[in-house]
file upload-v9.cif (mmCIF, C-alpha atoms)
data_protein
#
loop_
_atom_site.group_PDB
_atom_site.id
_atom_site.type_symbol
_atom_site.label_atom_id
_atom_site.label_comp_id
_atom_site.auth_asym_id
_atom_site.auth_seq_id
_atom_site.Cartn_x
_atom_site.Cartn_y
_atom_site.Cartn_z
ATOM 1 C CA MET A 261 -3.578 -28.299 -17.389
ATOM 2 C CA LYS A 262 -3.670 -28.391 -13.614
ATOM 3 C CA MET A 263 -1.056 -26.137 -12.013
ATOM 4 C CA ASN A 264 0.544 -26.379 -8.605
ATOM 5 C CA LYS A 265 0.835 -23.516 -6.161
ATOM 6 C CA SER A 266 4.392 -22.573 -7.085
ATOM 7 C CA ARG A 267 3.479 -22.269 -10.781
ATOM 8 C CA TYR A 268 0.586 -19.937 -9.924
ATOM 9 C CA ILE A 269 2.933 -17.768 -7.861
ATOM 10 C CA GLN A 270 5.461 -17.598 -10.700
ATOM 11 C CA LEU A 271 2.781 -16.548 -13.206
ATOM 12 C CA ILE A 272 1.337 -13.947 -10.845
ATOM 13 C CA HIS A 273 4.770 -12.353 -10.459
ATOM 14 C CA VAL A 274 5.186 -12.294 -14.230
ATOM 15 C CA GLY A 275 1.758 -10.669 -14.458
ATOM 16 C CA LYS A 276 2.722 -8.065 -11.886
ATOM 17 C CA GLY A 277 5.644 -7.007 -14.040
ATOM 18 C CA GLN A 278 3.735 -7.139 -17.311
ATOM 19 C CA LEU A 279 0.900 -5.009 -15.966
ATOM 20 C CA GLY A 280 3.340 -2.515 -14.459
ATOM 21 C CA TRP A 281 1.921 -2.795 -10.941
ATOM 22 C CA ASP A 282 4.088 -1.338 -8.198
ATOM 23 C CA ASP A 283 4.235 -3.156 -4.867
ATOM 24 C CA GLU A 284 1.506 -1.026 -3.267
ATOM 25 C CA LEU A 285 -0.980 -1.644 -6.093
ATOM 26 C CA TYR A 286 -0.061 -5.321 -6.218
ATOM 27 C CA ARG A 287 -0.684 -5.829 -2.484
ATOM 28 C CA SER A 288 -3.909 -3.833 -2.516
ATOM 29 C CA ASN A 289 -5.265 -6.003 -5.328
ATOM 30 C CA LEU A 290 -4.319 -9.187 -3.476
ATOM 31 C CA VAL A 291 -6.148 -7.988 -0.366
ATOM 32 C CA ALA A 292 -9.204 -6.854 -2.335
ATOM 33 C CA LEU A 293 -9.444 -10.238 -4.062
ATOM 34 C CA THR A 294 -8.537 -12.624 -1.223
ATOM 35 C CA LYS A 295 -8.124 -10.572 1.984
ATOM 36 C CA LYS A 296 -4.484 -11.755 2.002
ATOM 37 C CA ASN A 297 -1.458 -9.670 1.039
ATOM 38 C CA SER A 298 0.868 -12.515 0.054
ATOM 39 C CA CYS A 299 0.498 -15.302 -2.502
ATOM 40 C CA LEU A 300 2.234 -17.665 -0.112
ATOM 41 C CA ASP A 301 -0.733 -17.552 2.257
ATOM 42 C CA MET A 302 -3.286 -18.303 -0.469
ATOM 43 C CA SER A 303 -4.890 -21.525 -1.555
ATOM 44 C CA VAL A 304 -4.741 -22.638 -5.196
ATOM 45 C CA ILE A 305 -8.327 -21.423 -5.624
ATOM 46 C CA GLU A 306 -7.376 -17.960 -4.362
ATOM 47 C CA LEU A 307 -4.260 -17.868 -6.551
ATOM 48 C CA ASN A 308 -6.347 -18.776 -9.571
ATOM 49 C CA LYS A 309 -8.718 -15.922 -8.707
ATOM 50 C CA VAL A 310 -5.783 -13.473 -8.677
ATOM 51 C CA LEU A 311 -4.431 -14.838 -11.956
ATOM 52 C CA GLU A 312 -7.803 -14.593 -13.706
ATOM 53 C CA PHE A 313 -8.174 -11.014 -12.451
ATOM 54 C CA MET A 314 -4.773 -10.174 -13.921
ATOM 55 C CA LYS A 315 -5.808 -11.691 -17.249
ATOM 56 C CA SER A 316 -8.948 -9.537 -17.209
ATOM 57 C CA LYS A 317 -6.662 -6.497 -16.826
ATOM 58 C CA GLY A 318 -4.604 -7.436 -19.880
ATOM 59 C CA PHE A 319 -2.003 -9.915 -18.610
ATOM 60 C CA LYS A 320 -1.165 -12.395 -21.352
ATOM 61 C CA PRO A 321 1.006 -15.323 -20.271
ATOM 62 C CA VAL A 322 3.438 -16.156 -23.069
ATOM 63 C CA SER A 323 4.709 -19.646 -23.722
ATOM 64 C CA ASN A 324 8.455 -20.247 -23.780
ATOM 65 C CA LYS A 325 8.232 -21.267 -27.453
ATOM 66 C CA ALA A 326 7.680 -17.682 -28.565
ATOM 67 C CA LYS A 327 10.233 -16.066 -26.283
ATOM 68 C CA GLY A 328 13.299 -16.264 -28.495
ATOM 69 C CA LYS A 329 11.576 -15.021 -31.620
ATOM 70 C CA TYR A 330 11.574 -11.382 -30.692
ATOM 71 C CA SER A 331 14.666 -11.234 -28.457
ATOM 72 C CA PRO A 332 17.862 -9.456 -29.509
ATOM 73 C CA LYS A 333 20.457 -12.067 -30.557
ATOM 74 C CA THR A 334 23.765 -12.026 -28.726
ATOM 75 C CA ARG A 335 24.215 -15.682 -27.835
ATOM 76 C CA ASP A 336 26.296 -16.640 -30.888
ATOM 77 C CA LYS A 337 29.032 -14.070 -30.315
ATOM 78 C CA SER A 338 32.395 -15.164 -28.945
ATOM 79 C CA SER A 339 32.822 -11.858 -27.098
ATOM 80 C CA HIS A 340 30.300 -9.301 -25.922
ATOM 81 C CA THR A 341 30.329 -5.535 -26.234
ATOM 82 C CA PRO A 342 28.725 -3.139 -23.727
ATOM 83 C CA LEU A 343 25.757 -2.909 -26.115
ATOM 84 C CA ASP A 344 25.413 -6.696 -25.971
ATOM 85 C CA LYS A 345 25.392 -6.459 -22.172
ATOM 86 C CA LEU A 346 22.599 -3.880 -22.386
ATOM 87 C CA ARG A 347 20.634 -6.249 -24.608
ATOM 88 C CA GLN A 348 21.243 -9.205 -22.293
ATOM 89 C CA LEU A 349 19.913 -7.255 -19.333
ATOM 90 C CA TRP A 350 16.807 -6.348 -21.318
ATOM 91 C CA ILE A 351 16.260 -10.004 -22.262
ATOM 92 C CA ALA A 352 16.697 -11.082 -18.625
ATOM 93 C CA MET A 353 14.067 -8.560 -17.556
ATOM 94 C CA LYS A 354 11.697 -9.803 -20.254
ATOM 95 C CA SER A 355 12.196 -13.417 -19.159
ATOM 96 C CA ARG A 356 11.018 -12.482 -15.646
ATOM 97 C CA GLY A 357 8.100 -10.386 -16.856
ATOM 98 C CA TYR A 358 9.562 -7.031 -15.821
ATOM 99 C CA VAL A 359 9.202 -5.653 -19.365
ATOM 100 C CA ARG A 360 6.540 -6.651 -21.863
ATOM 101 C CA ASP A 361 8.643 -6.816 -25.017
ATOM 102 C CA GLY A 362 12.179 -8.196 -25.259
ATOM 103 C CA SER A 363 12.828 -7.049 -28.827
ATOM 104 C CA ASP A 364 15.500 -4.664 -30.082
ATOM 105 C CA ASN A 365 12.758 -2.201 -31.044
ATOM 106 C CA ALA A 366 11.408 -2.135 -27.490
ATOM 107 C CA LEU A 367 14.909 -1.672 -26.093
ATOM 108 C CA LEU A 368 15.518 1.124 -28.592
ATOM 109 C CA ASN A 369 12.308 2.895 -27.541
ATOM 110 C CA TRP A 370 13.354 2.752 -23.892
ATOM 111 C CA THR A 371 16.895 3.804 -24.758
ATOM 112 C CA LYS A 372 15.738 6.774 -26.822
ATOM 113 C CA SER A 373 13.684 8.138 -23.956
ATOM 114 C CA GLN A 374 16.518 7.675 -21.454
ATOM 115 C CA ALA A 375 19.527 8.623 -23.588
ATOM 116 C CA LYS A 376 18.088 11.934 -24.734
ATOM 117 C CA ARG A 377 18.989 13.577 -21.430
ATOM 118 C CA LEU A 378 22.552 12.239 -21.815
ATOM 119 C CA ASN A 379 22.878 13.642 -25.319
ATOM 120 C CA HIS A 380 21.977 17.330 -24.885
ATOM 121 C CA ASN A 381 18.285 16.577 -25.467
ATOM 122 C CA VAL A 382 19.003 15.032 -28.887
ATOM 123 C CA ALA A 383 17.382 11.636 -29.489
ATOM 124 C CA ILE A 384 19.484 8.565 -30.356
ATOM 125 C CA GLU A 385 17.891 6.843 -33.349
ATOM 126 C CA ARG A 386 19.936 3.609 -33.343
ATOM 127 C CA LEU A 387 21.386 1.547 -30.508
ATOM 128 C CA GLU A 388 24.699 1.389 -32.387
ATOM 129 C CA TRP A 389 24.972 5.192 -32.238
ATOM 130 C CA LEU A 390 25.226 5.229 -28.450
ATOM 131 C CA LYS A 391 28.521 6.602 -27.177
ATOM 132 C CA PRO A 392 30.419 4.313 -24.750
ATOM 133 C CA GLY A 393 29.654 6.573 -21.790
ATOM 134 C CA MET A 394 25.946 6.576 -22.616
ATOM 135 C CA THR A 395 25.861 2.789 -22.959
ATOM 136 C CA HIS A 396 27.556 2.377 -19.577
ATOM 137 C CA ALA A 397 25.124 4.829 -17.944
ATOM 138 C CA LEU A 398 22.137 2.995 -19.447
ATOM 139 C CA ILE A 399 23.467 -0.387 -18.316
ATOM 140 C CA GLU A 400 23.754 0.906 -14.748
ATOM 141 C CA GLN A 401 20.263 2.440 -14.936
ATOM 142 C CA LEU A 402 18.781 -0.803 -16.236
ATOM 143 C CA LYS A 403 20.586 -2.759 -13.525
ATOM 144 C CA LEU A 404 18.991 -0.562 -10.850
ATOM 145 C CA TRP A 405 15.533 -1.121 -12.337
ATOM 146 C CA TYR A 406 16.170 -4.867 -12.623
ATOM 147 C CA LYS A 407 17.481 -4.984 -9.050
ATOM 148 C CA ARG A 408 14.391 -3.235 -7.662
ATOM 149 C CA GLU A 409 12.151 -5.808 -9.324
ATOM 150 C CA LEU A 410 14.274 -8.750 -8.151
ATOM 151 C CA ILE A 411 14.224 -7.431 -4.568
ATOM 152 C CA SER A 412 10.448 -7.047 -4.695
ATOM 153 C CA ASP A 413 10.026 -10.641 -5.858
ATOM 154 C CA LEU A 414 12.522 -12.012 -3.344
ATOM 155 C CA ALA A 415 10.903 -10.170 -0.447
ATOM 156 C CA ASP A 416 7.646 -11.896 -1.374
ATOM 157 C CA VAL A 417 8.976 -15.471 -1.483
ATOM 158 C CA LEU A 418 11.975 -15.481 0.885
ATOM 159 C CA PRO A 419 9.957 -16.021 4.105
ATOM 160 C CA ALA A 420 8.546 -19.259 2.680
ATOM 161 C CA LEU A 421 11.996 -20.784 2.139
ATOM 162 C CA HIS A 422 12.624 -21.424 5.836
ATOM 163 C CA GLU A 423 9.214 -23.047 6.249
ATOM 164 C CA LEU A 424 9.931 -25.773 3.684
ATOM 165 C CA PRO A 425 11.012 -29.274 4.817
ATOM 166 C CA LEU A 426 14.489 -28.888 3.312
ATOM 167 C CA ASN A 427 17.110 -31.632 3.480
ATOM 168 C CA ASN A 428 20.534 -30.971 5.013
ATOM 169 C CA GLU A 429 22.186 -29.847 1.792
ATOM 170 C CA GLU A 430 19.264 -27.542 0.968
ATOM 171 C CA ARG A 431 19.255 -26.075 4.494
ATOM 172 C CA PHE A 432 22.962 -25.285 4.143
ATOM 173 C CA LYS A 433 22.235 -23.452 0.893
ATOM 174 C CA ALA A 434 19.224 -21.692 2.449
ATOM 175 C CA ARG A 435 21.384 -20.329 5.277
ATOM 176 C CA SER A 436 23.487 -18.521 2.673
ATOM 177 C CA MET A 437 20.432 -16.689 1.323
ATOM 178 C CA PRO A 438 20.304 -12.959 2.194
ATOM 179 C CA SER A 439 17.722 -11.796 4.696
ATOM 180 C CA ILE A 440 15.098 -9.290 3.573
ATOM 181 C CA GLY A 441 17.094 -6.519 5.231
ATOM 182 C CA GLN A 442 20.215 -7.479 3.257
ATOM 183 C CA LEU A 443 18.658 -7.592 -0.212
ATOM 184 C CA HIS A 444 19.590 -4.028 -1.170
ATOM 185 C CA SER A 445 23.281 -4.750 -0.544
ATOM 186 C CA CYS A 446 23.306 -7.766 -2.905
ATOM 187 C CA ASN A 447 24.343 -7.554 -6.540
ATOM 188 C CA VAL A 448 22.074 -8.586 -9.407
ATOM 189 C CA GLU A 449 23.828 -11.931 -9.906
ATOM 190 C CA TRP A 450 23.326 -12.940 -6.268
ATOM 191 C CA LEU A 451 19.680 -11.896 -6.364
ATOM 192 C CA GLU A 452 19.135 -13.934 -9.542
ATOM 193 C CA SER A 453 20.814 -16.953 -7.958
ATOM 194 C CA SER A 454 18.667 -16.612 -4.835
ATOM 195 C CA ILE A 455 15.439 -16.400 -6.817
ATOM 196 C CA ALA A 456 16.464 -19.431 -8.893
ATOM 197 C CA PHE A 457 17.154 -21.497 -5.765
ATOM 198 C CA ILE A 458 13.942 -20.466 -3.996
ATOM 199 C CA GLY A 459 11.925 -21.115 -7.146
ATOM 200 C CA LEU A 460 13.466 -24.582 -7.388
ATOM 201 C CA MET A 461 12.599 -25.326 -3.760
ATOM 202 C CA LEU A 462 9.056 -23.974 -4.052
ATOM 203 C CA GLY A 463 8.577 -26.066 -7.154
ATOM 204 C CA LYS A 464 9.984 -29.217 -5.545
ATOM 205 C CA TYR A 465 8.015 -29.008 -2.307
ATOM 206 C CA GLY A 466 4.998 -27.443 -4.005
ATOM 207 C CA GLU A 467 4.694 -30.625 -6.050
ATOM 208 C CA GLN A 468 4.846 -32.701 -2.887
ATOM 209 C CA GLY A 469 2.205 -30.534 -1.178
ATOM 210 C CA ASN A 470 -0.023 -30.017 -4.200
ATOM 211 C CA GLY A 471 -3.119 -30.755 -2.184
ATOM 212 C CA ASN A 472 -2.957 -27.279 -0.536
#
call {"tool": "encode", "arguments": {"input": "upload-v9.cif", "output": "C-alpha coordinates"}}
result
Amino acid sequence: MKMNKSRYIQLIHVGKGQLGWDDELYRSNLVALTKKNSCLDMSVIELNKVLEFMKSKGFKPVSNKAKGKYSPKTRDKSSHTPLDKLRQLWIAMKSRGYVRDGSDNALLNWTKSQAKRLNHNVAIERLEWLKPGMTHALIEQLKLWYKRELISDLADVLPALHELPLNNEERFKARSMPSIGQLHSCNVEWLESSIAFIGLMLGKYGEQGNGN
(Lines of atoms letter the chains of each structure in order from A and count residues from 1; the text may use other names and numbers.)
(Lines give C-alpha, C1' and ligand atoms only; values in the text may rest on other atoms or scores of the structure.)
Protein backbone atom coordinates (compact mmCIF):
# COMPACT_ATOMS: atom_id res chain seq x y z
CA MET A 1 0.00 0.00 0.00
CA LYS A 2 1.31 3.40 -0.98
CA MET A 3 2.02 5.64 2.02
CA ASN A 4 2.12 9.40 2.23
CA LYS A 5 4.91 11.40 3.80
CA SER A 6 3.23 11.87 7.16
CA ARG A 7 2.68 8.11 7.55
CA TYR A 8 6.37 7.45 6.85
CA ILE A 9 7.33 10.00 9.50
CA GLN A 10 5.00 8.41 12.05
CA LEU A 11 6.44 4.94 11.41
CA ILE A 12 10.02 6.20 11.58
CA HIS A 13 9.35 7.73 15.00
CA VAL A 14 7.82 4.46 16.18
CA GLY A 15 10.92 2.69 14.88
CA LYS A 16 13.19 5.10 16.72
CA GLY A 17 11.52 4.19 19.99
CA GLN A 18 11.38 0.47 19.28
CA LEU A 19 15.06 0.30 18.38
CA GLY A 20 16.01 2.35 21.43
CA TRP A 21 17.86 5.01 19.45
CA ASP A 22 18.64 8.19 21.34
CA ASP A 23 18.39 11.50 19.48
CA GLU A 24 22.10 11.61 18.60
CA LEU A 25 22.09 8.12 17.06
CA TYR A 26 18.81 8.81 15.29
CA ARG A 27 20.11 12.02 13.67
CA SER A 28 23.43 10.46 12.71
CA ASN A 29 21.63 7.62 10.94
CA LEU A 30 19.39 10.06 9.07
CA VAL A 31 22.42 12.01 7.87
CA ALA A 32 24.33 8.87 6.89
CA LEU A 33 21.37 7.61 4.86
CA THR A 34 20.09 10.83 3.27
CA LYS A 35 22.49 13.67 4.21
CA LYS A 36 19.52 15.28 6.01
CA ASN A 37 18.96 15.37 9.77
CA SER A 38 15.18 15.74 9.75
CA CYS A 39 12.44 13.60 8.20
CA LEU A 40 10.54 16.75 7.32
CA ASP A 41 13.17 17.71 4.76
CA MET A 42 13.14 14.30 3.06
CA SER A 43 11.31 13.05 0.01
CA VAL A 44 9.12 9.94 0.20
CA ILE A 45 11.94 7.97 -1.45
CA GLU A 46 14.39 9.08 1.25
CA LEU A 47 11.88 8.33 4.02
CA ASN A 48 11.36 4.86 2.61
CA LYS A 49 15.14 4.36 2.63
CA VAL A 50 15.25 5.26 6.35
CA LEU A 51 12.31 2.99 7.14
CA GLU A 52 13.83 0.02 5.30
CA PHE A 53 17.12 0.58 7.13
CA MET A 54 15.25 0.51 10.44
CA LYS A 55 13.57 -2.75 9.45
CA SER A 56 16.98 -4.23 8.64
CA LYS A 57 18.03 -3.33 12.20
CA GLY A 58 15.08 -5.17 13.73
CA PHE A 59 12.19 -2.68 13.64
CA LYS A 60 8.92 -4.54 13.20
CA PRO A 61 5.89 -2.34 12.55
CA VAL A 62 2.89 -3.81 14.36
CA SER A 63 -0.65 -3.48 13.08
CA ASN A 64 -3.28 -1.96 15.36
CA LYS A 65 -5.19 -5.26 15.35
CA ALA A 66 -2.62 -6.92 17.59
CA LYS A 67 -2.11 -4.02 19.97
CA GLY A 68 -4.80 -4.78 22.52
CA LYS A 69 -3.99 -8.46 22.82
CA TYR A 70 -0.98 -8.05 25.04
CA SER A 71 -1.88 -4.80 26.83
CA PRO A 72 -2.79 -4.69 30.53
CA LYS A 73 -6.58 -4.30 30.87
CA THR A 74 -7.82 -1.31 32.83
CA ARG A 75 -10.46 0.11 30.52
CA ASP A 76 -13.44 -1.72 32.05
CA LYS A 77 -12.93 -0.41 35.58
CA SER A 78 -15.20 2.31 36.93
CA SER A 79 -12.36 3.77 39.02
CA HIS A 80 -8.61 3.52 38.67
CA THR A 81 -5.96 2.80 41.26
CA PRO A 82 -2.39 4.15 41.16
CA LEU A 83 -1.34 0.77 39.74
CA ASP A 84 -3.88 1.21 36.94
CA LYS A 85 -2.36 4.63 36.22
CA LEU A 86 1.08 3.01 36.00
CA ARG A 87 -0.31 0.49 33.53
CA GLN A 88 -2.02 3.19 31.47
CA LEU A 89 1.22 5.11 31.16
CA TRP A 90 2.99 1.96 30.00
CA ILE A 91 0.28 1.32 27.39
CA ALA A 92 0.51 4.93 26.16
CA MET A 93 4.27 4.54 25.73
CA LYS A 94 3.78 1.29 23.83
CA SER A 95 1.21 2.92 21.53
CA ARG A 96 3.81 5.53 20.52
CA GLY A 97 6.62 3.01 20.12
CA TYR A 98 8.61 4.14 23.16
CA VAL A 99 8.59 0.61 24.62
CA ARG A 100 8.51 -2.61 22.62
CA ASP A 101 6.07 -4.61 24.72
CA GLY A 102 2.92 -3.25 26.37
CA SER A 103 2.14 -6.37 28.40
CA ASP A 104 1.91 -6.73 32.17
CA ASN A 105 4.97 -9.00 32.08
CA ALA A 106 7.05 -6.31 30.36
CA LEU A 107 5.85 -3.70 32.84
CA LEU A 108 6.68 -6.06 35.70
CA ASN A 109 10.21 -6.60 34.36
CA TRP A 110 10.78 -2.85 34.19
CA THR A 111 9.20 -2.35 37.60
CA LYS A 112 11.33 -5.04 39.22
CA SER A 113 14.53 -3.42 38.02
CA GLN A 114 13.43 0.04 39.17
CA ALA A 115 11.64 -0.81 42.42
CA LYS A 116 14.51 -2.82 43.86
CA ARG A 117 16.36 0.35 44.85
CA LEU A 118 13.18 1.58 46.58
CA ASN A 119 12.79 -1.64 48.53
CA HIS A 120 16.18 -2.05 50.25
CA ASN A 121 17.55 -3.96 47.26
CA VAL A 122 14.80 -6.60 47.51
CA ALA A 123 13.03 -7.39 44.23
CA ILE A 124 9.24 -6.97 43.87
CA GLU A 125 7.85 -10.12 42.27
CA ARG A 126 4.28 -8.91 41.57
CA LEU A 127 2.92 -5.51 40.59
CA GLU A 128 0.23 -5.87 43.26
CA TRP A 129 2.93 -6.08 45.95
CA LEU A 130 4.14 -2.54 45.31
CA LYS A 131 3.69 -0.23 48.28
CA PRO A 132 1.76 3.01 47.55
CA GLY A 133 4.91 5.12 47.85
CA MET A 134 6.76 2.89 45.40
CA THR A 135 3.90 2.99 42.89
CA HIS A 136 3.81 6.79 43.06
CA ALA A 137 7.59 7.01 42.60
CA LEU A 138 7.44 4.67 39.59
CA ILE A 139 4.58 6.64 38.03
CA GLU A 140 6.62 9.84 38.29
CA GLN A 141 9.70 8.09 36.87
CA LEU A 142 7.72 6.70 33.95
CA LYS A 143 6.18 10.12 33.32
CA LEU A 144 9.66 11.65 33.05
CA TRP A 145 10.73 8.98 30.55
CA TYR A 146 7.50 9.43 28.58
CA LYS A 147 7.91 13.21 28.63
CA ARG A 148 11.48 13.03 27.28
CA GLU A 149 10.29 10.93 24.35
CA LEU A 150 7.31 13.20 23.63
CA ILE A 151 9.57 16.27 23.67
CA SER A 152 11.99 14.60 21.27
CA ASP A 153 9.18 13.81 18.84
CA LEU A 154 7.61 17.25 19.13
CA ALA A 155 10.92 19.02 18.56
CA ASP A 156 11.21 17.08 15.30
CA VAL A 157 7.77 17.94 13.89
CA LEU A 158 6.86 21.29 15.48
CA PRO A 159 8.76 23.48 12.96
CA ALA A 160 6.69 22.00 10.12
CA LEU A 161 3.39 23.08 11.68
CA HIS A 162 3.85 26.76 10.87
CA GLU A 163 4.77 25.97 7.27
CA LEU A 164 1.45 24.25 6.54
CA PRO A 165 -1.35 26.13 4.72
CA LEU A 166 -3.61 26.11 7.79
CA ASN A 167 -7.09 27.63 7.79
CA ASN A 168 -8.04 30.32 10.32
CA GLU A 169 -9.30 27.92 12.97
CA GLU A 170 -6.20 25.72 12.61
CA ARG A 171 -3.88 28.75 12.79
CA PHE A 172 -5.57 29.82 16.03
CA LYS A 173 -4.94 26.36 17.46
CA ALA A 174 -1.35 26.36 16.15
CA ARG A 175 -0.61 29.63 17.95
CA SER A 176 -1.41 27.88 21.24
CA MET A 177 1.23 25.22 20.59
CA PRO A 178 4.36 25.51 22.79
CA SER A 179 7.59 26.61 21.16
CA ILE A 180 10.56 24.24 21.22
CA GLY A 181 12.03 26.22 24.11
CA GLN A 182 8.82 25.79 26.14
CA LEU A 183 8.42 22.03 25.73
CA HIS A 184 10.17 21.10 28.99
CA SER A 185 7.72 23.23 30.99
CA CYS A 186 4.66 21.46 29.53
CA ASN A 187 2.93 18.54 31.23
CA VAL A 188 2.48 15.15 29.57
CA GLU A 189 -1.17 15.80 28.70
CA TRP A 190 -0.35 19.03 26.86
CA LEU A 191 2.50 17.36 24.98
CA GLU A 192 0.20 14.50 23.95
CA SER A 193 -2.44 16.97 22.78
CA SER A 194 0.15 18.91 20.77
CA ILE A 195 1.48 15.79 19.07
CA ALA A 196 -2.08 14.67 18.24
CA PHE A 197 -2.90 18.04 16.65
CA ILE A 198 0.34 18.24 14.66
CA GLY A 199 -0.08 14.65 13.50
CA LEU A 200 -3.61 15.46 12.34
CA MET A 201 -2.38 18.50 10.41
CA LEU A 202 0.56 16.66 8.86
CA GLY A 203 -1.79 13.89 7.82
CA LYS A 204 -4.36 16.30 6.36
CA TYR A 205 -1.93 18.43 4.37
CA GLY A 206 0.37 15.49 3.65
CA GLU A 207 -2.51 13.89 1.78
CA GLN A 208 -3.02 17.07 -0.21
CA GLY A 209 0.71 17.31 -1.03
CA ASN A 210 1.31 13.61 -1.59
CA GLY A 211 3.27 14.29 -4.73
CA ASN A 212 6.31 15.44 -2.67
call {"tool": "atom_distance", "arguments": {"input": "upload-v9.cif", "atom1": "atom CA of A:Arg267", "atom2": "atom CA of A:Met461"}}
result
11.9 Å
call {"tool": "resolve_selection", "arguments": {"input": "upload-v9.cif", "expression": "the PyMOL selection byres ((chain A and resi 278) around 10)", "output": "PyMOL selection string"}}
result
chain A and resi 272-277+279-281+314+318-321+354+356-361
call {"tool": "closest_residue", "arguments": {"input": "upload-v9.cif", "among": "A:Ser303, A:Ala415, A:Gly441, A:Ala292", "to": "A:Ser266", "atoms": "only C-alpha atoms"}}
result
A:Ser303
call {"tool": "atom_distance", "arguments": {"input": "upload-v9.cif", "atom1": "atom CA of A:Ser316", "atom2": "atom CA of A:Leu285"}}
result
15.8 Å
call {"tool": "atom_distance", "arguments": {"input": "upload-v9.cif", "atom1": "atom CA of A:Asn427", "atom2": "atom CA of A:Ser453"}}
result
19.0 Å
call {"tool": "closest_residue", "arguments": {"input": "upload-v9.cif", "among": "A:Leu398, A:Glu449, A:Leu404, A:Ile351", "to": "A:Arg377", "atoms": "only C-alpha atoms"}}
result
A:Leu398
call {"tool": "closest_residue", "arguments": {"input": "upload-v9.cif", "among": "A:Lys296, A:Lys345, A:Lys309, A:Arg435", "to": "A:Tyr268", "atoms": "only C-alpha atoms"}}
result
A:Lys309
call {"tool": "resolve_selection", "arguments": {"input": "upload-v9.cif", "expression": "the PyMOL selection byres ((chain A and resi 424) around 10)", "output": "ChimeraX atom specification"}}
result
/A:419-423,425-427,430-431,461-462,464-466
call {"tool": "resolve_selection", "arguments": {"input": "upload-v9.cif", "expression": "the PyMOL selection byres ((chain A and resi 342) around 12)", "output": "PyMOL selection string"}}
result
chain A and resi 334+339-341+343-349+387-388+390-400
call {"tool": "axis_aligned_box", "arguments": {"input": "upload-v9.cif", "around": "stretch 271-281 of chain A", "padding_each_side": "5 Å", "output": "JSON"}}
result
{"center_x": 3.3, "center_y": -9.5, "center_z": -13.9, "size_x": 14.7, "size_y": 24.0, "size_z": 16.9}
call {"tool": "closest_residue", "arguments": {"input": "upload-v9.cif", "among": "A:Ser445, A:Gln374, A:Thr294, A:Ser439", "to": "A:Val417", "atoms": "only C-alpha atoms"}}
result
A:Ser439
